[in-house]
Amino acid sequence: MRDCFRSSVVCLLAVACLLVPVALIAADSNATTTADPTNAATSAATTNSGASVGTAAVISPTLVDLLVKKGILTTAEANSLRNMSGSAGMQQLLLLLKAKGVVNDSEAAELKSAADADTLHSLVDTESGPTQYASLTSPGAGQAAPKEAPAPVVIPAIAPVRVLPLDAPVKEGLAGALKLGAVRMTPYGFIKASAAYDSSSPRGDDFPPPGFLNADTGPTNNSEFHIKARQTRMGAKFEWPDVSKNVTVTGQIEADYEGNFSRADNRNVSTIRSNALSLRLAFGRIDWTVAPNTDIFFEAGQDWTIYGSSAMMNLFETTFFGAYWGNTYERSPQMRLGFVEKLGGSRNWKLSPEVAIMMPSEGNVPADAVTSTCTTTVNHTTFAATTTCSNVVLDGTGNQLGYGERQGADNGKPEIESRVVLQFQLDKAPGVVPAQILWSGFYTGRQGTILASAVPLCAGCAGGADTFKAAFPRGYDAHSNGYGNQVAVSLPTRWATVVASAYMGADLRFMFGGQLLSNYNYTGGLSNKTNALSVDGSSTVVFGTNSAGAAVAAPQLAVRGYGGFVQVGFPISRWFNADPKGRNAGWQAYYEYGIDAANGNDFRLAKAIGASGAGPIKSNLNAVTIWYKMNPWVQFALEESHYASYAVPNEHDVCTTKIAGLPSCTSIDWRTEFGPVFTF
């Protein structure tokens, strides 16, 4: 945000306000200007009064004060500029702006050339006090040059979805609508309603999950119609003051109604519309400008993950937002450190590496665990001992709702994520945001704990029923590791914008990849296999005997997965040169293709194909979205999408998965969604 603000607002204002007095000073000292109250363009001729605006023009003190307030100039630099005039003042300011990264070499050259143009108009300060419009003339000219028309407003090109902006925030750059003491706060958000029809939705969700998650759809494909408003979102941005002009402290909090439904007694009947407000983002960030071209930042709180979330589709359906269809992302508690280095050049190159520790999360759904509790009593008369055992059901779902999932935290190590982004201006046309090339990755571990009381008995072991309990008297911890790598590009141009992402990794379930699969037990070569449930109820661990007859636990391995997407956005209104302030300025169209899949070998080991059915191994998405913006605050969207999931046939080339009561290897959902978005 810092470069965008400085270059597009402060820099343009600075140059517009500065170049005229500089050029006037360079003009003939006999050329004077008289203000015309009826016309902003004044005549450039010698007046009877003999007052010369050219010799009196200086750099605008208002401009200098603004640059100081925005943290671009220091007080010492401002005082130096206030005492300078003529071409020396212009040259000095341009050098300062270049050194601070506000303008690059080519931009500085363009601004210098503009200062020498005959038709340049802007504001100047005169010795007499009032600020006037002036026109520049060649020495001795007898009439005013024609007034230059203002730069035309353009319809912006398609901007990629970037939930993690590269540029650092500008100090005191937040236009605070509210103030909480010295803290500035600006609320934002939108109200979103949508009507959606799914040709097949057997789970009853108002979003499209992958197919075959249910055993069957019933006698038909089970089409559904939904209207929802729970995509509504609200948040606020904050800025805290700091004594240093080089330190900027900002933050953000955001919530929506996409989470759970209320289950209170007074809401049981109306649960469908009683959506609970849930946290999306809550973080604070400290930026330290250590040099004109270098910004170091630290962030703590819940934000988007730097793996996956750096490049995403722009879909109208945001409840699932392409999860398990190629759009990998997450939001997670984290502590993140990185820096932004301005490399300069004609394309304004920037490089930003960063690293973070994240909350290690798995996203596995718990089940109820059953454990045995045994009590031994002794008859003090006969001294006979009696042992009584009973099964105790542990509420896995209730525990997860109460204190969160355990398997990532039980591993005792943070998840590590990192990202490197290279940003540059691919297309220099007005209204086109910079392009990006990036890599992101993560590494994490999980642990599934089997309590000693949950170690199973062995019915066929040569060593007896207590073989497993004897081998694991204190219980057992099952481990596996997850990782991911993503490469992505976003290439905005005035004609179209292309965003593409490709990823591969293991245990991608929490990152919405790998077709919801996490890990599996490798049971090859084991006999007398018996299952046990982890303490949180979200993992099954297999015990068995190896070829030597020893009791072992099957190793757990992460299911590998891969996927990605390509999206092309078309600025239709810009193509047809629509009026930027008219009703037809906001037409855009998108096409997206996404794919998410599990590794074939891992899938066959993780799923009991043929026994209870398996699927999907792969899902892909094709969608077309049309956006129309009625005004800056209201827009409408129509999205037509095709969601397809694919199952794996058994050894007889038959899929045990069913659609409409019949075996099928393909699940298809045609989805149509329409609705408005009211932004505030």
# chains A, B, ... in the order shown; residues from 1 in each chain; ligands from 1

call {"tool": "residues_around", "arguments": {"residues": "stretch 584-595 of chain A", "least_positions_apart": "6", "cutoff": "9 Å", "atoms": "only C-alpha atoms", "output": "mmCIF file with C-alpha atoms, in the first residue's frame"}}
result
data_model
loop_
_atom_site.group_PDB
_atom_site.id
_atom_site.type_symbol
_atom_site.label_atom_id
_atom_site.label_comp_id
_atom_site.auth_asym_id
_atom_site.auth_seq_id
_atom_site.Cartn_x
_atom_site.Cartn_y
_atom_site.Cartn_z
ATOM 1 C CA ILE A 155 -11.614 1.980 -16.149
ATOM 2 C CA ILE A 158 -8.741 -6.703 -13.614
ATOM 3 C CA MET A 313 -9.466 -17.575 -7.745
ATOM 4 C CA ASN A 314 -11.982 -14.746 -7.770
ATOM 5 C CA LEU A 315 -15.218 -16.704 -7.304
ATOM 6 C CA GLY A 322 -13.072 -23.427 -4.376
ATOM 7 C CA TYR A 324 -10.769 -29.038 -2.832
ATOM 8 C CA TRP A 325 -11.317 -27.728 -6.355
ATOM 9 C CA GLY A 326 -7.823 -26.232 -6.831
ATOM 10 C CA ASN A 327 -8.094 -23.080 -4.699
ATOM 11 C CA TYR A 562 -1.554 -31.944 -6.114
ATOM 12 C CA GLY A 563 -3.625 -29.385 -7.975
ATOM 13 C CA GLY A 564 -3.976 -25.785 -9.046
ATOM 14 C CA PHE A 565 -6.001 -23.449 -11.205
ATOM 15 C CA VAL A 566 -5.908 -20.986 -14.083
ATOM 16 C CA GLN A 567 -8.193 -17.962 -14.157
ATOM 17 C CA VAL A 568 -8.499 -15.309 -16.849
ATOM 18 C CA GLY A 569 -10.290 -12.032 -16.147
ATOM 19 C CA PHE A 570 -11.570 -9.753 -18.896
ATOM 20 C CA PRO A 571 -12.234 -6.002 -18.321
ATOM 21 C CA ILE A 572 -15.112 -5.822 -20.796
ATOM 22 C CA SER A 573 -16.026 -2.208 -20.114
ATOM 23 C CA ARG A 574 -12.441 -1.114 -20.699
ATOM 24 C CA ASN A 577 -14.109 2.374 -23.886
ATOM 25 C CA ALA A 578 -17.164 2.793 -21.708
ATOM 26 C CA LYS A 618 -9.910 -36.123 -8.285
ATOM 27 C CA SER A 619 -12.233 -33.152 -8.665
ATOM 28 C CA ASN A 620 -12.214 -30.336 -11.199
ATOM 29 C CA LEU A 621 -14.061 -27.089 -11.672
ATOM 30 C CA ASN A 622 -15.032 -25.069 -14.724
ATOM 31 C CA ALA A 623 -16.759 -21.766 -14.054
ATOM 32 C CA VAL A 624 -17.753 -18.542 -15.760
ATOM 33 C CA THR A 625 -18.509 -15.456 -13.663
ATOM 34 C CA ILE A 626 -20.027 -12.196 -14.927
ATOM 35 C CA TRP A 627 -19.750 -9.116 -12.698
ATOM 36 C CA TYR A 628 -21.669 -5.876 -13.150
ATOM 37 C CA LYS A 629 -20.946 -2.862 -10.949
ATOM 38 C CA MET A 630 -23.924 -0.514 -10.743
ATOM 39 C CA ASN A 631 -21.931 2.084 -8.788
ATOM 40 C CA PRO A 632 -18.846 2.016 -6.538
ATOM 41 C CA GLN A 635 -22.473 -4.860 -7.816
#

call {"tool": "residues_around", "arguments": {"residues": "A:Gly482", "least_positions_apart": "2", "cutoff": "7 Å", "atoms": "only C-alpha atoms", "output": "PyMOL selection string"}}
result
chain A and resi 443-445+480+506-507+558

call {"tool": "write_last_selection", "arguments": {"atoms": "N, CA and C atoms", "output": "PDB file, in the first residue's frame"}}
result
ATOM      1  N   TYR A 443       5.762 -26.742   6.221  1.00  0.00           N
ATOM      2  CA  TYR A 443       6.157 -28.046   6.753  1.00  0.00           C
ATOM      3  C   TYR A 443       5.572 -28.171   8.150  1.00  0.00           C
ATOM      4  N   THR A 444       4.948 -29.306   8.432  1.00  0.00           N
ATOM      5  CA  THR A 444       4.298 -29.489   9.724  1.00  0.00           C
ATOM      6  C   THR A 444       4.329 -30.955  10.125  1.00  0.00           C
ATOM      7  N   GLY A 445       3.936 -31.245  11.339  1.00  0.00           N
ATOM      8  CA  GLY A 445       3.866 -32.612  11.840  1.00  0.00           C
ATOM      9  C   GLY A 445       2.628 -32.799  12.694  1.00  0.00           C
ATOM     10  N   SER A 480       3.187 -38.478  11.627  1.00  0.00           N
ATOM     11  CA  SER A 480       3.394 -38.294  10.188  1.00  0.00           C
ATOM     12  C   SER A 480       3.634 -36.814   9.941  1.00  0.00           C
ATOM     13  N   ALA A 506       1.823 -33.061   0.819  1.00  0.00           N
ATOM     14  CA  ALA A 506       1.296 -34.214   1.541  1.00  0.00           C
ATOM     15  C   ALA A 506       0.521 -33.725   2.752  1.00  0.00           C
ATOM     16  N   ASP A 507      -0.542 -34.437   3.099  1.00  0.00           N
ATOM     17  CA  ASP A 507      -1.439 -34.063   4.189  1.00  0.00           C
ATOM     18  C   ASP A 507      -1.912 -32.622   4.004  1.00  0.00           C
ATOM     19  N   ALA A 558       1.488 -39.723   5.264  1.00  0.00           N
ATOM     20  CA  ALA A 558       0.619 -38.665   4.744  1.00  0.00           C
ATOM     21  C   ALA A 558       0.216 -38.973   3.306  1.00  0.00           C
TER      22      ALA A 558
END

call {"tool": "select_by_dssp", "arguments": {"residues": "stretch 161-284 of chain A", "states": "strand (DSSP E)", "output": "ChimeraX atom specification"}}
result
/A:178-180,183-192,194-198,224-228,233-240,247-256,278-284

call {"tool": "residues_around", "arguments": {"residues": "stretch 512-516 of chain A", "least_positions_apart": "6", "cutoff": "10 Å", "atoms": "only C-alpha atoms", "output": "PyMOL selection string"}}
result
chain A and resi 209-211+213+308+320-330+363-364+484+503-506+559-564+595-599+603+615-619+645

call {"tool": "residues_around", "arguments": {"residues": "A:Glu354", "least_positions_apart": "5", "cutoff": "6 Å", "atoms": "only C-alpha atoms", "output": "short mmCIF file (atom, residue, chain, number, x, y, z; two decimals) with N, CA and C atoms, in the first residue's frame"}}
result
data_model
loop_
_atom_site.label_atom_id
_atom_site.label_comp_id
_atom_site.auth_asym_id
_atom_site.auth_seq_id
_atom_site.Cartn_x
_atom_site.Cartn_y
_atom_site.Cartn_z
N LEU A 337 7.43 -12.79 10.10
CA LEU A 337 8.51 -11.82 9.97
C LEU A 337 8.98 -11.79 8.52
N GLY A 338 9.18 -10.58 7.98
CA GLY A 338 9.66 -10.47 6.61
C GLY A 338 10.11 -9.07 6.30
N SER A 418 6.77 -20.31 4.64
CA SER A 418 7.61 -19.24 4.07
C SER A 418 7.10 -18.90 2.68
N ARG A 419 7.53 -17.72 2.23
CA ARG A 419 7.09 -17.22 0.93
C ARG A 419 8.11 -16.24 0.39
#

call {"tool": "closest_residue", "arguments": {"among": "A:Asp466, A:Asp602, A:Asp536, A:Glu415", "to": "A:Asn521", "atoms": "only C-alpha atoms"}}
result
A:Asp602

call {"tool": "select_by_dssp", "arguments": {"residues": "stretch 583-673 of chain A", "states": "helix (DSSP H, G or I)", "output": "PyMOL selection string"}}
result
chain A and resi 600-606

call {"tool": "write_last_selection", "arguments": {"atoms": "C-alpha atoms", "output": "PDB file, in the first residue's frame"}}
result
ATOM      1  CA  GLY A 600      -3.051 -42.572  -7.008  1.00  0.00           C
ATOM      2  CA  ASN A 601      -0.832 -44.976  -5.033  1.00  0.00           C
ATOM      3  CA  ASP A 602      -1.571 -43.290  -1.714  1.00  0.00           C
ATOM      4  CA  PHE A 603      -5.282 -43.167  -2.502  1.00  0.00           C
ATOM      5  CA  ARG A 604      -5.474 -46.905  -3.103  1.00  0.00           C
ATOM      6  CA  LEU A 605      -3.706 -47.593   0.191  1.00  0.00           C
ATOM      7  CA  ALA A 606      -5.820 -45.092   2.113  1.00  0.00           C
TER       8      ALA A 606
END

call {"tool": "closest_atom_pairs", "arguments": {"of": "stretch 495-598 of chain A", "to": "stretch 450-464 of chain A", "cutoff": "9 Å", "atoms": "only C-alpha atoms", "output": "Markdown table"}}
result
| residue | atom | partner | partner_atom | distance |
| --- | --- | --- | --- | --- |
| A:Ser527 | CA | A:Cys461 | CA | 8.9 |
| A:Asn528 | CA | A:Gly460 | CA | 6.1 |
| A:Lys529 | CA | A:Cys458 | CA | 8.2 |
| A:Thr530 | CA | A:Pro456 | CA | 6.8 |
| A:Asn531 | CA | A:Pro456 | CA | 7.1 |
| A:Ala532 | CA | A:Pro456 | CA | 6.1 |
| A:Leu533 | CA | A:Ile450 | CA | 6.8 |
| A:Ser534 | CA | A:Ile450 | CA | 4.8 |
| A:Val535 | CA | A:Ile450 | CA | 5.8 |
| A:Val541 | CA | A:Ile450 | CA | 7.8 |
| A:Phe543 | CA | A:Pro456 | CA | 7.8 |
| A:Gly544 | CA | A:Cys458 | CA | 8.2 |
| A:Thr545 | CA | A:Cys461 | CA | 7.7 |
| A:Gly549 | CA | A:Ala462 | CA | 7.9 |
| A:Ala551 | CA | A:Cys461 | CA | 8.7 |

call {"tool": "write_last_selection", "arguments": {"atoms": "N, CA and C atoms", "output": "short mmCIF file (atom, residue, chain, number, x, y, z; two decimals), in the first residue's frame"}}
result
data_model
loop_
_atom_site.label_atom_id
_atom_site.label_comp_id
_atom_site.auth_asym_id
_atom_site.auth_seq_id
_atom_site.Cartn_x
_atom_site.Cartn_y
_atom_site.Cartn_z
N SER A 527 0.17 -59.11 10.18
CA SER A 527 -0.88 -60.08 10.47
C SER A 527 -1.57 -59.69 11.77
N ASN A 528 -2.71 -60.32 12.04
CA ASN A 528 -3.46 -60.07 13.27
C ASN A 528 -3.75 -58.57 13.46
N LYS A 529 -4.16 -57.92 12.40
CA LYS A 529 -4.38 -56.47 12.45
C LYS A 529 -5.62 -56.13 13.26
N THR A 530 -5.44 -55.16 14.17
CA THR A 530 -6.52 -54.72 15.05
C THR A 530 -6.46 -53.20 15.17
N ASN A 531 -7.62 -52.55 15.13
CA ASN A 531 -7.68 -51.08 15.15
C ASN A 531 -7.80 -50.54 16.56
N ALA A 532 -7.25 -49.33 16.73
CA ALA A 532 -7.42 -48.57 17.98
C ALA A 532 -7.65 -47.12 17.62
N LEU A 533 -8.46 -46.43 18.42
CA LEU A 533 -8.82 -45.04 18.16
C LEU A 533 -7.96 -44.11 19.00
N SER A 534 -7.48 -43.02 18.39
CA SER A 534 -6.64 -42.06 19.10
C SER A 534 -7.45 -41.35 20.18
N VAL A 535 -6.74 -40.69 21.10
CA VAL A 535 -7.40 -40.09 22.25
C VAL A 535 -8.39 -39.00 21.84
N VAL A 541 -5.39 -46.11 14.50
CA VAL A 541 -4.06 -46.70 14.45
C VAL A 541 -4.20 -48.21 14.40
N PHE A 543 -2.67 -51.96 14.90
CA PHE A 543 -1.66 -52.80 15.53
C PHE A 543 -1.67 -54.17 14.86
N GLY A 544 -0.51 -54.81 14.82
CA GLY A 544 -0.42 -56.14 14.21
C GLY A 544 0.90 -56.80 14.57
N THR A 545 1.12 -57.96 13.99
CA THR A 545 2.38 -58.67 14.19
C THR A 545 3.10 -58.77 12.86
N GLY A 549 6.68 -62.22 14.12
CA GLY A 549 5.73 -62.45 15.18
C GLY A 549 5.73 -61.39 16.25
N ALA A 551 4.94 -57.78 18.02
CA ALA A 551 3.84 -56.82 18.00
C ALA A 551 4.37 -55.45 17.59
#

call {"tool": "decode", "arguments": {"residues": "stretch 383-517 of chain A", "atoms": "C-alpha atoms", "output": "PDB file, in the first residue's frame"}}
result
ATOM      1  CA  PHE A 383      -8.937 -61.978  50.368  1.00  0.00           C
ATOM      2  CA  ALA A 384     -10.355 -62.796  46.951  1.00  0.00           C
ATOM      3  CA  ALA A 385      -9.812 -60.150  44.222  1.00  0.00           C
ATOM      4  CA  THR A 386     -12.502 -59.263  41.707  1.00  0.00           C
ATOM      5  CA  THR A 387     -11.840 -57.158  38.578  1.00  0.00           C
ATOM      6  CA  THR A 388     -14.699 -55.382  36.823  1.00  0.00           C
ATOM      7  CA  CYS A 389     -14.198 -53.626  33.456  1.00  0.00           C
ATOM      8  CA  SER A 390     -16.521 -51.235  31.652  1.00  0.00           C
ATOM      9  CA  ASN A 391     -16.321 -49.262  28.424  1.00  0.00           C
ATOM     10  CA  VAL A 392     -16.237 -45.455  28.558  1.00  0.00           C
ATOM     11  CA  VAL A 393     -17.168 -43.389  25.475  1.00  0.00           C
ATOM     12  CA  LEU A 394     -15.066 -40.266  25.002  1.00  0.00           C
ATOM     13  CA  ASP A 395     -16.921 -37.467  23.225  1.00  0.00           C
ATOM     14  CA  GLY A 396     -14.459 -36.626  20.458  1.00  0.00           C
ATOM     15  CA  THR A 397     -16.613 -34.031  18.739  1.00  0.00           C
ATOM     16  CA  GLY A 398     -17.458 -32.355  22.023  1.00  0.00           C
ATOM     17  CA  ASN A 399     -13.811 -32.193  22.999  1.00  0.00           C
ATOM     18  CA  GLN A 400     -12.853 -30.574  19.703  1.00  0.00           C
ATOM     19  CA  LEU A 401     -15.632 -28.014  20.084  1.00  0.00           C
ATOM     20  CA  GLY A 402     -14.493 -27.370  23.641  1.00  0.00           C
ATOM     21  CA  TYR A 403     -10.765 -26.879  23.234  1.00  0.00           C
ATOM     22  CA  GLY A 404      -9.910 -27.397  19.583  1.00  0.00           C
ATOM     23  CA  GLU A 405      -8.163 -30.189  17.744  1.00  0.00           C
ATOM     24  CA  ARG A 406      -5.139 -31.899  19.281  1.00  0.00           C
ATOM     25  CA  GLN A 407      -3.066 -33.739  16.715  1.00  0.00           C
ATOM     26  CA  GLY A 408      -1.109 -30.742  15.443  1.00  0.00           C
ATOM     27  CA  ALA A 409      -0.581 -29.264  18.906  1.00  0.00           C
ATOM     28  CA  ASP A 410       0.291 -32.687  20.378  1.00  0.00           C
ATOM     29  CA  ASN A 411       3.290 -32.821  18.048  1.00  0.00           C
ATOM     30  CA  GLY A 412       4.876 -30.078  20.149  1.00  0.00           C
ATOM     31  CA  LYS A 413       6.298 -28.079  17.218  1.00  0.00           C
ATOM     32  CA  PRO A 414       5.010 -25.080  15.237  1.00  0.00           C
ATOM     33  CA  GLU A 415       4.128 -25.283  11.591  1.00  0.00           C
ATOM     34  CA  ILE A 416       6.709 -23.461   9.466  1.00  0.00           C
ATOM     35  CA  GLU A 417       5.647 -21.471   6.415  1.00  0.00           C
ATOM     36  CA  SER A 418       7.607 -19.244   4.075  1.00  0.00           C
ATOM     37  CA  ARG A 419       7.086 -17.223   0.928  1.00  0.00           C
ATOM     38  CA  VAL A 420       9.121 -15.241  -1.610  1.00  0.00           C
ATOM     39  CA  VAL A 421       7.379 -12.725  -3.898  1.00  0.00           C
ATOM     40  CA  LEU A 422       8.851 -10.830  -6.841  1.00  0.00           C
ATOM     41  CA  GLN A 423       6.637  -7.921  -7.910  1.00  0.00           C
ATOM     42  CA  PHE A 424       6.998  -5.739 -11.008  1.00  0.00           C
ATOM     43  CA  GLN A 425       4.961  -3.542 -13.339  1.00  0.00           C
ATOM     44  CA  LEU A 426       4.270  -5.759 -16.353  1.00  0.00           C
ATOM     45  CA  ASP A 427       1.929  -3.330 -18.114  1.00  0.00           C
ATOM     46  CA  LYS A 428       2.537   0.396 -17.549  1.00  0.00           C
ATOM     47  CA  ALA A 429      -0.882   1.452 -18.797  1.00  0.00           C
ATOM     48  CA  PRO A 430      -3.025   3.471 -16.351  1.00  0.00           C
ATOM     49  CA  GLY A 431      -5.148   1.458 -13.951  1.00  0.00           C
ATOM     50  CA  VAL A 432      -3.071  -1.731 -14.119  1.00  0.00           C
ATOM     51  CA  VAL A 433      -1.748  -3.157 -10.832  1.00  0.00           C
ATOM     52  CA  PRO A 434       1.703  -4.802 -10.641  1.00  0.00           C
ATOM     53  CA  ALA A 435       2.370  -8.420 -11.562  1.00  0.00           C
ATOM     54  CA  GLN A 436       3.754 -11.034  -9.177  1.00  0.00           C
ATOM     55  CA  ILE A 437       5.727 -14.272  -9.342  1.00  0.00           C
ATOM     56  CA  LEU A 438       5.927 -16.232  -6.097  1.00  0.00           C
ATOM     57  CA  TRP A 439       6.784 -19.442  -4.279  1.00  0.00           C
ATOM     58  CA  SER A 440       5.314 -20.496  -0.952  1.00  0.00           C
ATOM     59  CA  GLY A 441       5.703 -23.587   1.197  1.00  0.00           C
ATOM     60  CA  PHE A 442       4.970 -25.165   4.565  1.00  0.00           C
ATOM     61  CA  TYR A 443       6.157 -28.046   6.753  1.00  0.00           C
ATOM     62  CA  THR A 444       4.298 -29.489   9.724  1.00  0.00           C
ATOM     63  CA  GLY A 445       3.866 -32.612  11.840  1.00  0.00           C
ATOM     64  CA  ARG A 446       1.057 -34.352  13.685  1.00  0.00           C
ATOM     65  CA  GLN A 447       0.737 -36.888  16.478  1.00  0.00           C
ATOM     66  CA  GLY A 448      -2.078 -39.299  17.193  1.00  0.00           C
ATOM     67  CA  THR A 449      -1.907 -40.607  20.760  1.00  0.00           C
ATOM     68  CA  ILE A 450      -3.205 -44.042  21.778  1.00  0.00           C
ATOM     69  CA  LEU A 451      -3.713 -44.283  25.523  1.00  0.00           C
ATOM     70  CA  ALA A 452      -2.516 -47.420  27.314  1.00  0.00           C
ATOM     71  CA  SER A 453      -6.127 -48.246  28.106  1.00  0.00           C
ATOM     72  CA  ALA A 454      -7.003 -48.020  24.395  1.00  0.00           C
ATOM     73  CA  VAL A 455      -4.318 -50.452  23.153  1.00  0.00           C
ATOM     74  CA  PRO A 456      -6.405 -53.321  21.746  1.00  0.00           C
ATOM     75  CA  LEU A 457      -6.421 -56.995  22.560  1.00  0.00           C
ATOM     76  CA  CYS A 458      -5.184 -59.509  19.999  1.00  0.00           C
ATOM     77  CA  ALA A 459      -7.463 -62.451  19.240  1.00  0.00           C
ATOM     78  CA  GLY A 460      -5.002 -64.471  17.142  1.00  0.00           C
ATOM     79  CA  CYS A 461      -1.609 -63.589  18.568  1.00  0.00           C
ATOM     80  CA  ALA A 462       0.609 -66.506  19.594  1.00  0.00           C
ATOM     81  CA  GLY A 463       1.610 -64.579  22.707  1.00  0.00           C
ATOM     82  CA  GLY A 464      -1.965 -64.301  23.878  1.00  0.00           C
ATOM     83  CA  ALA A 465      -4.641 -61.649  23.964  1.00  0.00           C
ATOM     84  CA  ASP A 466      -2.427 -59.174  25.829  1.00  0.00           C
ATOM     85  CA  THR A 467       0.356 -59.221  23.197  1.00  0.00           C
ATOM     86  CA  PHE A 468      -0.202 -55.609  22.096  1.00  0.00           C
ATOM     87  CA  LYS A 469      -0.719 -54.348  25.627  1.00  0.00           C
ATOM     88  CA  ALA A 470       2.510 -56.007  26.725  1.00  0.00           C
ATOM     89  CA  ALA A 471       4.409 -54.457  23.804  1.00  0.00           C
ATOM     90  CA  PHE A 472       2.962 -50.978  24.406  1.00  0.00           C
ATOM     91  CA  PRO A 473       2.307 -50.805  28.160  1.00  0.00           C
ATOM     92  CA  ARG A 474       2.315 -46.980  28.174  1.00  0.00           C
ATOM     93  CA  GLY A 475       0.395 -46.489  24.947  1.00  0.00           C
ATOM     94  CA  TYR A 476       1.637 -45.372  21.528  1.00  0.00           C
ATOM     95  CA  ASP A 477       2.189 -42.133  19.563  1.00  0.00           C
ATOM     96  CA  ALA A 478       1.657 -42.256  15.798  1.00  0.00           C
ATOM     97  CA  HIS A 479       3.444 -39.564  13.750  1.00  0.00           C
ATOM     98  CA  SER A 480       3.394 -38.294  10.188  1.00  0.00           C
ATOM     99  CA  ASN A 481       4.583 -35.116   8.462  1.00  0.00           C
ATOM    100  CA  GLY A 482       2.846 -32.788   6.046  1.00  0.00           C
ATOM    101  CA  TYR A 483       4.335 -30.339   3.562  1.00  0.00           C
ATOM    102  CA  GLY A 484       3.403 -28.252   0.563  1.00  0.00           C
ATOM    103  CA  ASN A 485       4.937 -26.231  -2.258  1.00  0.00           C
ATOM    104  CA  GLN A 486       3.142 -23.688  -4.413  1.00  0.00           C
ATOM    105  CA  VAL A 487       4.292 -21.649  -7.402  1.00  0.00           C
ATOM    106  CA  ALA A 488       2.012 -18.955  -8.759  1.00  0.00           C
ATOM    107  CA  VAL A 489       1.896 -15.990 -11.107  1.00  0.00           C
ATOM    108  CA  SER A 490      -0.539 -13.101 -11.456  1.00  0.00           C
ATOM    109  CA  LEU A 491      -0.123 -11.129 -14.670  1.00  0.00           C
ATOM    110  CA  PRO A 492      -2.436  -8.119 -14.968  1.00  0.00           C
ATOM    111  CA  THR A 493      -2.574  -6.238 -18.285  1.00  0.00           C
ATOM    112  CA  ARG A 494      -4.959  -3.680 -19.792  1.00  0.00           C
ATOM    113  CA  TRP A 495      -6.530  -6.411 -21.984  1.00  0.00           C
ATOM    114  CA  ALA A 496      -6.793  -9.387 -19.599  1.00  0.00           C
ATOM    115  CA  THR A 497      -5.445 -10.651 -16.288  1.00  0.00           C
ATOM    116  CA  VAL A 498      -4.111 -14.184 -15.869  1.00  0.00           C
ATOM    117  CA  VAL A 499      -3.684 -15.795 -12.451  1.00  0.00           C
ATOM    118  CA  ALA A 500      -2.305 -19.325 -12.206  1.00  0.00           C
ATOM    119  CA  SER A 501      -1.300 -21.540  -9.298  1.00  0.00           C
ATOM    120  CA  ALA A 502       0.163 -25.041  -9.026  1.00  0.00           C
ATOM    121  CA  TYR A 503       0.806 -26.957  -5.810  1.00  0.00           C
ATOM    122  CA  MET A 504       1.860 -30.367  -4.553  1.00  0.00           C
ATOM    123  CA  GLY A 505       2.435 -31.755  -1.095  1.00  0.00           C
ATOM    124  CA  ALA A 506       1.296 -34.214   1.541  1.00  0.00           C
ATOM    125  CA  ASP A 507      -1.439 -34.063   4.189  1.00  0.00           C
ATOM    126  CA  LEU A 508      -3.056 -31.038   2.532  1.00  0.00           C
ATOM    127  CA  ARG A 509      -6.465 -31.496   4.155  1.00  0.00           C
ATOM    128  CA  PHE A 510      -6.248 -28.391   6.351  1.00  0.00           C
ATOM    129  CA  MET A 511      -5.070 -26.371   3.330  1.00  0.00           C
ATOM    130  CA  PHE A 512      -8.138 -27.517   1.353  1.00  0.00           C
ATOM    131  CA  GLY A 513      -6.178 -29.817  -0.942  1.00  0.00           C
ATOM    132  CA  GLY A 514      -5.661 -33.545  -1.530  1.00  0.00           C
ATOM    133  CA  GLN A 515      -9.393 -34.386  -1.720  1.00  0.00           C
ATOM    134  CA  LEU A 516      -9.941 -34.156   2.057  1.00  0.00           C
ATOM    135  CA  LEU A 517      -7.420 -36.950   2.767  1.00  0.00           C
TER     136      LEU A 517
END
